[in-house]
$ cat start01.cif   # mmCIF, C-alpha atoms
data_work
loop_
_atom_site.group_PDB
_atom_site.id
_atom_site.type_symbol
_atom_site.label_atom_id
_atom_site.label_comp_id
_atom_site.auth_asym_id
_atom_site.auth_seq_id
_atom_site.Cartn_x
_atom_site.Cartn_y
_atom_site.Cartn_z
ATOM 1 C CA MET A 286 162.121 177.532 59.625
ATOM 2 C CA HIS A 287 161.159 175.634 62.760
ATOM 3 C CA ARG A 288 157.926 176.791 64.365
ATOM 4 C CA PRO A 289 157.262 176.365 68.115
ATOM 5 C CA TYR A 290 153.974 174.678 68.982
ATOM 6 C CA LEU A 291 154.403 174.546 72.776
ATOM 7 C CA ASP A 292 155.493 177.823 74.383
ATOM 8 C CA ILE A 293 156.692 178.095 77.983
ATOM 9 C CA GLY A 294 153.287 179.361 79.152
ATOM 10 C CA THR A 295 151.599 176.235 77.784
ATOM 11 C CA VAL A 296 154.169 173.980 79.425
ATOM 12 C CA LEU A 297 153.834 175.702 82.821
ATOM 13 C CA GLU A 298 150.028 175.550 82.641
ATOM 14 C CA ARG A 299 150.204 171.808 81.990
ATOM 15 C CA ILE A 300 152.592 171.240 84.896
ATOM 16 C CA ALA A 301 150.487 173.379 87.250
ATOM 17 C CA HIS A 302 147.366 171.314 86.529
ATOM 18 C CA LYS A 303 149.301 168.064 87.082
ATOM 19 C CA HIS A 304 150.733 169.361 90.370
ATOM 20 C CA ALA A 305 147.382 170.595 91.665
ATOM 21 C CA SER A 306 145.768 167.283 90.767
ATOM 22 C CA VAL A 307 148.072 165.390 93.136
ATOM 23 C CA GLY A 308 148.104 168.065 95.850
ATOM 24 C CA VAL A 309 151.587 169.550 95.523
ATOM 25 C CA ARG A 310 152.248 172.086 98.310
ATOM 26 C CA PRO A 311 154.391 175.264 97.995
ATOM 27 C CA GLU A 312 156.845 174.132 100.673
ATOM 28 C CA GLN A 313 157.710 171.022 98.645
ATOM 29 C CA TYR A 314 159.481 173.169 96.053
ATOM 30 C CA GLN A 315 162.353 173.730 98.496
ATOM 31 C CA LEU A 316 162.887 169.977 98.836
ATOM 32 C CA VAL A 317 162.933 169.528 95.052
ATOM 33 C CA HIS A 318 165.352 172.456 94.711
ATOM 34 C CA ASP A 319 167.819 170.995 97.208
ATOM 35 C CA HIS A 320 167.864 167.541 95.609
ATOM 36 C CA LEU A 321 168.011 168.967 92.079
ATOM 37 C CA LEU A 322 171.071 171.118 92.809
ATOM 38 C CA ALA A 323 172.721 168.213 94.632
ATOM 39 C CA ALA A 324 172.211 166.093 91.510
ATOM 40 C CA PHE A 325 173.703 168.842 89.313
ATOM 41 C CA SER A 326 176.772 168.987 91.549
ATOM 42 C CA ARG A 327 177.302 165.225 91.397
ATOM 43 C CA ILE A 328 176.882 165.064 87.629
ATOM 44 C CA LEU A 329 178.845 168.211 86.689
ATOM 45 C CA GLY A 330 181.608 167.761 89.245
ATOM 46 C CA ARG A 331 184.127 170.604 89.051
ATOM 47 C CA ALA A 332 182.057 172.290 86.338
ATOM 48 C CA ALA A 333 179.380 173.002 88.986
ATOM 49 C CA THR A 334 180.952 176.299 90.028
ATOM 50 C CA ARG A 335 179.269 178.732 92.392
ATOM 51 C CA GLN A 336 178.143 180.838 89.433
ATOM 52 C CA VAL A 337 176.685 177.838 87.582
ATOM 53 C CA THR A 338 174.742 176.527 90.570
ATOM 54 C CA ALA A 339 173.527 180.040 91.422
ATOM 55 C CA GLY A 340 172.240 180.431 87.862
ATOM 56 C CA TRP A 341 170.390 177.123 87.969
ATOM 57 C CA SER A 342 168.983 178.002 91.394
ATOM 58 C CA GLU A 343 167.695 181.353 90.150
ATOM 59 C CA LEU A 344 166.080 179.761 87.092
ATOM 60 C CA TYR A 345 164.491 177.046 89.245
ATOM 61 C CA TRP A 346 162.899 179.569 91.610
ATOM 62 C CA LEU A 347 161.556 181.650 88.739
ATOM 63 C CA VAL A 348 159.726 178.580 87.432
ATOM 64 C CA ALA A 349 158.732 177.354 90.911
ATOM 65 C CA ASP A 350 157.292 180.751 91.844
ATOM 66 C CA ALA A 351 155.213 180.894 88.656
ATOM 67 C CA LEU A 352 153.924 177.357 89.265
ATOM 68 C CA ALA A 353 153.115 177.960 92.941
ATOM 69 C CA HIS A 354 151.079 181.065 92.108
ATOM 70 C CA ARG A 355 149.137 179.295 89.347
ATOM 71 C CA GLU A 356 148.518 176.256 91.559
ATOM 72 C CA ALA A 357 147.209 178.544 94.307
ATOM 73 C CA ASP A 358 144.692 179.919 91.786
ATOM 74 C CA LEU A 359 143.584 176.385 90.912
ATOM 75 C CA TYR A 360 143.177 175.407 94.567
ATOM 76 C CA ARG A 361 141.134 178.542 95.265
ATOM 77 C CA ARG A 362 138.794 177.659 92.406
ATOM 78 C CA PHE A 363 137.686 174.597 94.388
ATOM 79 C CA GLY A 364 137.930 176.235 97.812
ATOM 80 C CA ILE A 365 140.580 173.788 99.027
ATOM 81 C CA LYS A 366 144.004 174.021 100.592
ATOM 82 C CA PRO A 367 147.091 172.514 98.926
ATOM 83 C CA GLY A 368 147.375 168.837 99.759
ATOM 84 C CA GLU A 369 143.785 168.626 101.053
ATOM 85 C CA ASN A 370 142.094 167.950 97.743
ATOM 86 C CA TRP A 371 140.906 164.363 98.267
ATOM 87 C CA ARG A 372 137.196 163.604 98.287
ATOM 88 C CA GLN A 373 135.286 160.329 98.607
ATOM 89 C CA TRP A 374 133.323 159.075 95.611
ATOM 90 C CA VAL A 375 131.078 155.985 95.461
ATOM 91 C CA VAL A 376 131.000 153.532 92.558
ATOM 92 C CA VAL A 377 127.372 153.440 91.371
ATOM 93 C CA GLN A 378 127.977 151.440 88.185
ATOM 94 C CA ARG A 379 130.753 149.247 86.801
ATOM 95 C CA VAL A 380 130.843 148.228 83.136
ATOM 96 C CA GLN A 381 133.252 145.730 81.593
ATOM 97 C CA GLU A 382 133.910 147.478 78.268
ATOM 98 C CA THR A 383 136.440 144.931 76.937
ATOM 99 C CA ALA A 384 138.560 142.175 78.453
ATOM 100 C CA ASP A 385 141.064 144.785 79.700
ATOM 101 C CA VAL A 386 138.986 147.961 80.046
ATOM 102 C CA ILE A 387 136.349 148.903 82.631
ATOM 103 C CA SER A 388 134.266 152.024 83.184
ATOM 104 C CA LEU A 389 133.405 153.196 86.697
ATOM 105 C CA LEU A 390 130.508 155.629 87.166
ATOM 106 C CA LEU A 391 131.020 157.624 90.367
ATOM 107 C CA GLU A 392 129.070 160.100 92.452
ATOM 108 C CA PRO A 393 130.128 162.051 95.571
ATOM 109 C CA ALA A 394 129.797 160.184 98.863
ATOM 110 C CA ASP A 395 128.774 163.457 100.551
ATOM 111 C CA GLU A 396 125.905 165.841 99.866
ATOM 112 C CA TRP A 397 128.013 168.542 98.255
ATOM 113 C CA PRO A 398 127.613 169.188 94.508
ATOM 114 C CA THR A 399 129.958 167.542 92.047
ATOM 115 C CA ASP A 400 133.115 169.533 91.403
ATOM 116 C CA PRO A 401 132.634 171.357 88.083
ATOM 117 C CA PHE A 402 134.633 170.061 85.141
ATOM 118 C CA VAL A 403 135.098 170.625 81.420
ATOM 119 C CA ALA A 404 135.101 167.922 78.741
ATOM 120 C CA GLU A 405 138.441 166.051 78.576
ATOM 121 C CA GLN A 406 139.681 166.986 82.019
ATOM 122 C CA TYR A 407 140.985 164.291 84.371
ATOM 123 C CA VAL A 408 140.967 163.299 88.032
ATOM 124 C CA SER A 409 143.668 161.771 90.178
ATOM 125 C CA VAL A 410 142.684 158.520 91.891
ATOM 126 C CA ALA A 411 144.471 157.497 95.110
ATOM 127 C CA VAL A 412 144.301 153.829 96.105
ATOM 128 C CA PRO A 413 145.862 152.182 99.190
ATOM 129 C CA VAL A 414 148.774 149.838 98.469
ATOM 130 C CA ASP A 415 149.706 149.144 102.106
ATOM 131 C CA GLU A 416 148.993 150.591 105.558
ATOM 132 C CA GLY A 417 149.180 154.371 105.381
ATOM 133 C CA SER A 418 150.494 154.441 101.805
ATOM 134 C CA PHE A 419 148.724 155.369 98.564
ATOM 135 C CA GLN A 420 149.517 155.222 94.881
ATOM 136 C CA ILE A 421 148.116 157.975 92.658
ATOM 137 C CA ARG A 422 147.217 157.759 88.974
ATOM 138 C CA GLN A 423 145.370 160.159 86.698
ATOM 139 C CA TYR A 424 142.412 159.089 84.556
ATOM 140 C CA SER A 425 140.483 161.134 82.020
ATOM 141 C CA ILE A 426 136.808 161.728 82.640
ATOM 142 C CA SER A 427 134.974 159.835 79.897
ATOM 143 C CA SER A 428 131.580 161.446 80.535
ATOM 144 C CA ALA A 429 130.275 164.934 79.805
ATOM 145 C CA PRO A 430 129.731 167.649 82.434
ATOM 146 C CA GLY A 431 126.279 168.629 83.617
ATOM 147 C CA THR A 432 125.314 165.831 86.010
ATOM 148 C CA ARG A 433 126.170 164.867 89.601
ATOM 149 C CA ARG A 434 128.113 161.858 88.346
ATOM 150 C CA LEU A 435 131.335 161.366 86.431
ATOM 151 C CA ARG A 436 132.854 158.336 84.728
ATOM 152 C CA ILE A 437 136.418 157.117 84.364
ATOM 153 C CA THR A 438 137.439 154.413 81.893
ATOM 154 C CA VAL A 439 140.467 152.378 82.960
ATOM 155 C CA GLU A 440 142.668 149.981 81.024
ATOM 156 C CA ARG A 441 144.430 147.239 82.976
ATOM 157 C CA THR A 442 148.134 148.027 82.667
ATOM 158 C CA ALA A 443 149.855 144.681 82.334
ATOM 159 C CA GLY A 444 151.491 142.636 79.662
ATOM 160 C CA PRO A 445 154.586 140.706 78.588
ATOM 161 C CA GLY A 446 157.798 142.384 79.645
ATOM 162 C CA ARG A 447 156.274 144.942 81.989
ATOM 163 C CA PRO A 448 155.010 144.756 85.584
ATOM 164 C CA PRO A 449 151.272 145.051 86.253
ATOM 165 C CA GLY A 450 150.065 148.527 87.128
ATOM 166 C CA GLU A 451 149.283 148.754 90.849
ATOM 167 C CA VAL A 452 146.413 151.204 90.513
ATOM 168 C CA SER A 453 144.789 149.908 87.323
ATOM 169 C CA CYS A 454 144.899 146.302 88.593
ATOM 170 C CA HIS A 455 143.481 147.404 91.957
ATOM 171 C CA LEU A 456 140.568 149.112 90.199
ATOM 172 C CA HIS A 457 139.962 146.081 87.977
ATOM 173 C CA ASP A 458 140.268 143.420 90.677
ATOM 174 C CA LYS A 459 139.103 145.066 93.908
ATOM 175 C CA VAL A 460 136.688 147.904 93.131
ATOM 176 C CA PHE A 461 133.009 147.086 92.602
ATOM 177 C CA LEU A 462 129.539 148.546 93.084
ATOM 178 C CA GLY A 463 129.273 150.499 96.345
ATOM 179 C CA ASP A 464 133.020 150.798 96.925
ATOM 180 C CA VAL A 465 134.538 154.197 97.742
ATOM 181 C CA LEU A 466 137.463 155.857 95.957
ATOM 182 C CA LEU A 467 139.496 158.967 96.751
ATOM 183 C CA LEU A 468 139.452 161.449 93.871
ATOM 184 C CA SER A 469 140.951 164.872 93.330
ATOM 185 C CA PRO A 470 138.917 167.685 91.770
ATOM 186 C CA PRO A 471 139.020 167.685 87.957
ATOM 187 C CA PHE A 472 142.018 169.364 86.332
ATOM 188 C CA GLY A 473 143.493 169.621 82.853
ATOM 189 C CA GLU A 474 144.221 172.419 80.409
ATOM 190 C CA VAL A 475 143.470 170.514 77.180
ATOM 191 C CA VAL A 476 139.755 171.240 76.864
ATOM 192 C CA LEU A 477 137.273 171.635 74.041
ATOM 193 C CA ASP A 478 137.380 175.099 72.463
ATOM 194 C CA ASP A 479 134.165 177.098 72.101
ATOM 195 C CA SER A 480 134.624 178.210 68.489
ATOM 196 C CA HIS A 481 132.666 176.964 65.483
ATOM 197 C CA ASP A 482 135.755 175.544 63.754
ATOM 198 C CA PRO A 483 135.665 171.993 62.350
ATOM 199 C CA LEU A 484 136.905 169.334 64.752
ATOM 200 C CA LEU A 485 139.098 166.282 64.279
ATOM 201 C CA PHE A 486 139.320 163.688 67.056
ATOM 202 C CA VAL A 487 141.960 160.951 66.771
ATOM 203 C CA SER A 488 142.280 158.127 69.292
ATOM 204 C CA SER A 489 143.683 154.646 69.679
ATOM 205 C CA GLY A 490 142.937 152.046 72.328
ATOM 206 C CA VAL A 491 141.660 153.486 75.603
ATOM 207 C CA GLY A 492 142.519 156.934 74.255
ATOM 208 C CA VAL A 493 138.914 156.965 73.074
ATOM 209 C CA ALA A 494 137.774 157.617 76.671
ATOM 210 C CA PRO A 495 138.406 161.359 77.164
ATOM 211 C CA LEU A 496 137.201 162.175 73.660
ATOM 212 C CA MET A 497 133.846 160.558 74.487
ATOM 213 C CA GLY A 498 133.280 163.335 77.007
ATOM 214 C CA MET A 499 133.884 165.921 74.272
ATOM 215 C CA LEU A 500 131.563 164.168 71.828
ATOM 216 C CA ARG A 501 128.775 163.838 74.377
ATOM 217 C CA HIS A 502 129.173 167.484 75.347
ATOM 218 C CA LEU A 503 128.735 168.447 71.680
ATOM 219 C CA VAL A 504 125.574 166.315 71.517
ATOM 220 C CA ASN A 505 124.192 167.693 74.799
ATOM 221 C CA THR A 506 124.705 171.301 73.691
ATOM 222 C CA GLY A 507 123.199 170.784 70.233
ATOM 223 C CA ALA A 508 126.432 171.676 68.419
ATOM 224 C CA ASP A 509 126.389 171.623 64.618
ATOM 225 C CA ARG A 510 130.161 171.807 64.082
ATOM 226 C CA GLU A 511 131.757 169.625 61.428
ATOM 227 C CA VAL A 512 133.261 166.639 63.266
ATOM 228 C CA THR A 513 135.569 163.887 62.010
ATOM 229 C CA TYR A 514 136.304 161.105 64.474
ATOM 230 C CA VAL A 515 139.149 158.679 63.705
ATOM 231 C CA HIS A 516 139.739 155.652 65.928
ATOM 232 C CA MET A 517 142.412 152.975 65.528
ATOM 233 C CA ASP A 518 142.539 149.711 67.441
ATOM 234 C CA LYS A 519 143.703 146.111 67.354
ATOM 235 C CA SER A 520 140.209 144.789 66.604
ATOM 236 C CA VAL A 521 136.541 145.345 67.409
ATOM 237 C CA THR A 522 136.952 143.194 70.533
ATOM 238 C CA THR A 523 139.511 145.621 71.993
ATOM 239 C CA HIS A 524 137.649 148.785 70.945
ATOM 240 C CA ALA A 525 136.213 150.161 74.188
ATOM 241 C CA LEU A 526 133.065 152.333 74.023
ATOM 242 C CA ARG A 527 132.578 151.354 70.359
ATOM 243 C CA PHE A 528 128.779 151.485 70.378
ATOM 244 C CA GLU A 529 128.752 154.718 72.364
ATOM 245 C CA LEU A 530 131.010 156.278 69.743
ATOM 246 C CA GLU A 531 128.643 155.121 67.006
ATOM 247 C CA GLU A 532 125.629 156.517 68.894
ATOM 248 C CA LEU A 533 127.217 159.935 69.502
ATOM 249 C CA VAL A 534 128.481 160.388 65.951
ATOM 250 C CA ALA A 535 125.010 159.501 64.645
ATOM 251 C CA ALA A 536 123.468 162.103 66.969
ATOM 252 C CA LEU A 537 125.593 164.948 65.582
ATOM 253 C CA PRO A 538 124.287 166.538 62.364
ATOM 254 C CA ASN A 539 127.687 167.040 60.683
ATOM 255 C CA ALA A 540 129.811 164.173 61.979
ATOM 256 C CA ARG A 541 131.553 161.202 60.401
ATOM 257 C CA ARG A 542 133.337 158.210 61.919
ATOM 258 C CA ILE A 543 136.461 156.553 60.487
ATOM 259 C CA LEU A 544 137.619 153.238 61.951
ATOM 260 C CA ALA A 545 140.832 151.328 61.304
ATOM 261 C CA TYR A 546 141.765 147.951 62.800
ATOM 262 C CA ALA A 547 144.787 145.695 62.641
ATOM 263 C CA ASP A 548 142.372 142.732 62.542
ATOM 264 C CA LEU A 549 139.223 143.347 60.489
ATOM 265 C CA THR A 550 137.439 140.188 61.690
ATOM 266 C CA CYS A 551 133.801 141.098 62.468
ATOM 267 C CA ALA A 552 134.598 144.776 61.869
ATOM 268 C CA PRO A 553 131.943 147.159 60.501
ATOM 269 C CA ARG A 554 131.807 147.242 56.715
ATOM 270 C CA GLU A 555 133.180 150.786 56.545
ATOM 271 C CA ALA A 556 136.250 150.015 58.693
ATOM 272 C CA GLY A 557 139.637 149.961 57.005
ATOM 273 C CA PRO A 558 143.017 148.411 57.729
ATOM 274 C CA LEU A 559 145.939 149.954 59.574
ATOM 275 C CA PRO A 560 147.930 152.087 58.974
ATOM 276 C CA LEU A 561 145.588 154.976 58.228
ATOM 277 C CA ASP A 562 146.607 157.627 55.679
ATOM 278 C CA PHE A 563 145.801 161.014 57.225
ATOM 279 C CA ALA A 564 146.366 162.735 53.887
ATOM 280 C CA SER A 565 143.189 161.048 52.629
ATOM 281 C CA LEU A 566 140.921 162.715 55.218
ATOM 282 C CA THR A 567 140.380 165.978 53.264
ATOM 283 C CA LEU A 568 140.237 168.270 56.300
ATOM 284 C CA PRO A 569 139.352 171.993 56.225
ATOM 285 C CA LEU A 570 142.324 174.317 56.807
ATOM 286 C CA ASN A 571 140.822 175.720 60.037
ATOM 287 C CA THR A 572 140.397 172.262 61.620
ATOM 288 C CA ARG A 573 141.121 171.929 65.327
ATOM 289 C CA ALA A 574 142.520 168.494 66.225
ATOM 290 C CA TYR A 575 142.475 166.641 69.554
ATOM 291 C CA LEU A 576 144.674 163.562 69.906
ATOM 292 C CA CYS A 577 144.670 160.866 72.576
ATOM 293 C CA GLY A 578 146.912 157.807 72.468
ATOM 294 C CA THR A 579 150.443 156.831 73.409
ATOM 295 C CA PRO A 580 153.083 159.584 73.074
ATOM 296 C CA ILE A 581 154.792 157.744 70.203
ATOM 297 C CA ARG A 582 151.544 157.414 68.267
ATOM 298 C CA MET A 583 150.499 161.010 68.920
ATOM 299 C CA ARG A 584 153.853 162.307 67.741
ATOM 300 C CA SER A 585 153.427 160.352 64.512
ATOM 301 C CA TRP A 586 149.806 161.509 64.042
ATOM 302 C CA ARG A 587 150.778 165.102 64.657
ATOM 303 C CA ASN A 588 153.546 165.007 62.066
ATOM 304 C CA GLU A 589 151.200 163.435 59.517
ATOM 305 C CA LEU A 590 148.483 166.004 60.208
ATOM 306 C CA VAL A 591 150.940 168.882 59.816
ATOM 307 C CA ARG A 592 152.030 167.428 56.475
ATOM 308 C CA ALA A 593 148.348 167.176 55.553
ATOM 309 C CA GLY A 594 147.948 170.913 56.151
ATOM 310 C CA VAL A 595 146.640 171.183 59.750
ATOM 311 C CA ASP A 596 148.107 174.170 61.615
ATOM 312 C CA PRO A 597 150.400 172.832 64.413
ATOM 313 C CA VAL A 598 149.021 175.327 66.949
ATOM 314 C CA ARG A 599 145.547 173.857 66.385
ATOM 315 C CA ILE A 600 146.649 170.354 67.418
ATOM 316 C CA ARG A 601 146.115 169.559 71.117
ATOM 317 C CA TYR A 602 146.971 166.422 73.061
ATOM 318 C CA GLU A 603 147.018 165.068 76.596
ATOM 319 C CA VAL A 604 149.912 163.040 77.979
ATOM 320 C CA PHE A 605 149.997 161.075 81.246
ATOM 321 C CA GLY A 606 153.569 160.426 82.304
ATOM 322 C CA PRO A 607 156.791 162.083 81.092
ATOM 323 C CA ASP A 608 156.159 164.394 78.149
ATOM 324 C CA LEU A 609 159.234 163.991 75.973
ATOM 325 C CA TRP A 610 157.976 165.804 72.899
ATOM 326 C CA ARG A 611 160.256 168.360 71.389
ATOM 327 C CA ALA A 612 159.067 171.948 71.506
ATOM 328 C CA TYR A 613 159.740 172.463 67.819
ATOM 329 C CA THR A 614 158.596 170.782 64.603
#

$ encode --input "start01.cif" --output "structure tokens"
Amino acid sequence: MHRPYLDIGTVLERIAHKHASVGVRPEQYQLVHDHLLAAFSRILGRAATRQVTAGWSELYWLVADALAHREADLYRRFGIKPGENWRQWVVVQRVQETADVISLLLEPADEWPTDPFVAEQYVSVAVPVDEGSFQIRQYSISSAPGTRRLRITVERTAGPGRPPGEVSCHLHDKVFLGDVLLLSPPFGEVVLDDSHDPLLFVSSGVGVAPLMGMLRHLVNTGADREVTYVHMDKSVTTHALRFELEELVAALPNARRILAYADLTCAPREAGPLPLDFASLTLPLNTRAYLCGTPIRMRSWRNELVRAGVDPVRIRYEVFGPDLWRAYT
């Protein structure tokens, strides 16, 4: 029997946080509605009868109304109006983590307190691409809450067969100490639970970044939960925040670190080769898992963890970009 692991409430909550992060306004739902129904009519042709289009329209407005109300709640939490959620932040430190990954430590350019956030939330960053035009991308916060500053860790998006990312390349090539960025308040519904259940963190590449905020929060709050951290990467030279991960795991009383690399040159003695066998981890049945990597990798990890006995509803993940996962296992 197939078991759902993402119900409609979870999906709507995720969409609402994404919308609020980029400043979606209630009146924009009408524009989307009109273009969506026009697309249905073109694709369905004669099949797009009055009854069919009316049904789709009714369903759309049910979802849009639920989203608009939830987004209004999120905006009120920060005391802002829809579409007016941009705030200036100053770069106070820049660290070259690897050849293709940087970390930017930011603090508000004004005197107001930092917007409150929870470990593994994200901010939207708006950068100018030409006169009067901005591109927006979302980046996880890689630091823990509790200070006036926050950190984002950014991988340069570029490579053979794909165009360079406008925002990531701008941050890498044009943003340095003292520069100002436009950030949204922190959003995101995939946050660290407050139970005492054992934790499993799984990351690959720059996916390590948001999970660092969770680990540091556990250290800062003196947590004694059982923690297993698994990280997979090409090599030690591409493993961003590697020494920070080692430091945080060592600071937790019941934590272990498992590393796997495609290239084991200069790797720590305990590191193993890829692929990693999740069945060998020996995880408690009540483990809560947090995954961060590409959608394809996370889908594979999730399936392996379910086969290893982890409850699907206890597996959480964050996706930036289209979420194409099926709602059923």

$ closest_residue --input "start01.cif" --among "A:Leu568, A:Phe402, A:Val493, A:Ser520" --to "Val591 of chain A" --atoms "all atoms listed in the file"
A:Leu568

$ closest_residue --input "start01.cif" --among "A:Arg372, A:Arg554, A:Lys366, A:Arg379" --to "Phe461 of chain A" --atoms "only C-alpha atoms"
A:Arg379

$ residues_near_point --input "start01.cif" --point "(132.5, 149.4, 77.9)" --cutoff "12 Å" --atoms "all atoms listed in the file" --output "ChimeraX atom specification"
/A:378-390,427,436-440,491,493-494,497,521-530

$ closest_residue --input "start01.cif" --among "A:Pro495, A:Pro471, A:Gly463, A:Pro483" --to "Leu391 of chain A" --atoms "all atoms listed in the file"
A:Gly463

$ resolve_selection --input "start01.cif" --expression "the PyMOL selection byres ((chain A and resi 338) around 12)" --output "PyMOL selection string"
chain A and resi 318-319+321-327+329-337+339-345

$ atom_distance --input "start01.cif" --atom1 "atom CA of Thr399 of chain A" --atom2 "atom CA of Arg434 of chain A"
7.0 Å

$ residues_around --input "start01.cif" --residues "segment 358-360 of chain A" --least-positions-apart "2" --cutoff "10 Å" --atoms "only C-alpha atoms" --output "mmCIF file with C-alpha atoms, keeping the file's coordinate frame"
data_model
loop_
_atom_site.group_PDB
_atom_site.id
_atom_site.type_symbol
_atom_site.label_atom_id
_atom_site.label_comp_id
_atom_site.auth_asym_id
_atom_site.auth_seq_id
_atom_site.Cartn_x
_atom_site.Cartn_y
_atom_site.Cartn_z
ATOM 1 C CA ALA A 301 150.487 173.379 87.250
ATOM 2 C CA HIS A 302 147.366 171.314 86.529
ATOM 3 C CA ALA A 305 147.382 170.595 91.665
ATOM 4 C CA SER A 306 145.768 167.283 90.767
ATOM 5 C CA GLY A 308 148.104 168.065 95.850
ATOM 6 C CA LEU A 352 153.924 177.357 89.265
ATOM 7 C CA ALA A 353 153.115 177.960 92.941
ATOM 8 C CA HIS A 354 151.079 181.065 92.108
ATOM 9 C CA ARG A 355 149.137 179.295 89.347
ATOM 10 C CA GLU A 356 148.518 176.256 91.559
ATOM 11 C CA ARG A 362 138.794 177.659 92.406
ATOM 12 C CA PHE A 363 137.686 174.597 94.388
ATOM 13 C CA GLY A 364 137.930 176.235 97.812
ATOM 14 C CA ILE A 365 140.580 173.788 99.027
ATOM 15 C CA LYS A 366 144.004 174.021 100.592
ATOM 16 C CA PRO A 367 147.091 172.514 98.926
ATOM 17 C CA GLY A 368 147.375 168.837 99.759
ATOM 18 C CA GLU A 369 143.785 168.626 101.053
ATOM 19 C CA ASN A 370 142.094 167.950 97.743
ATOM 20 C CA PRO A 470 138.917 167.685 91.770
ATOM 21 C CA PHE A 472 142.018 169.364 86.332
#

$ axis_aligned_box --input "start01.cif" --around "segment 378-383 of chain A" --padding-each-side "8 Å" --output "lines of an AutoDock Vina configuration file"
center_x = 132.2
center_y = 148.2
center_z = 82.6
size_x = 24.5
size_y = 22.5
size_z = 27.2

$ atom_distance --input "start01.cif" --atom1 "atom CA of Trp586 of chain A" --atom2 "atom CA of Asp482 of chain A"
19.9 Å
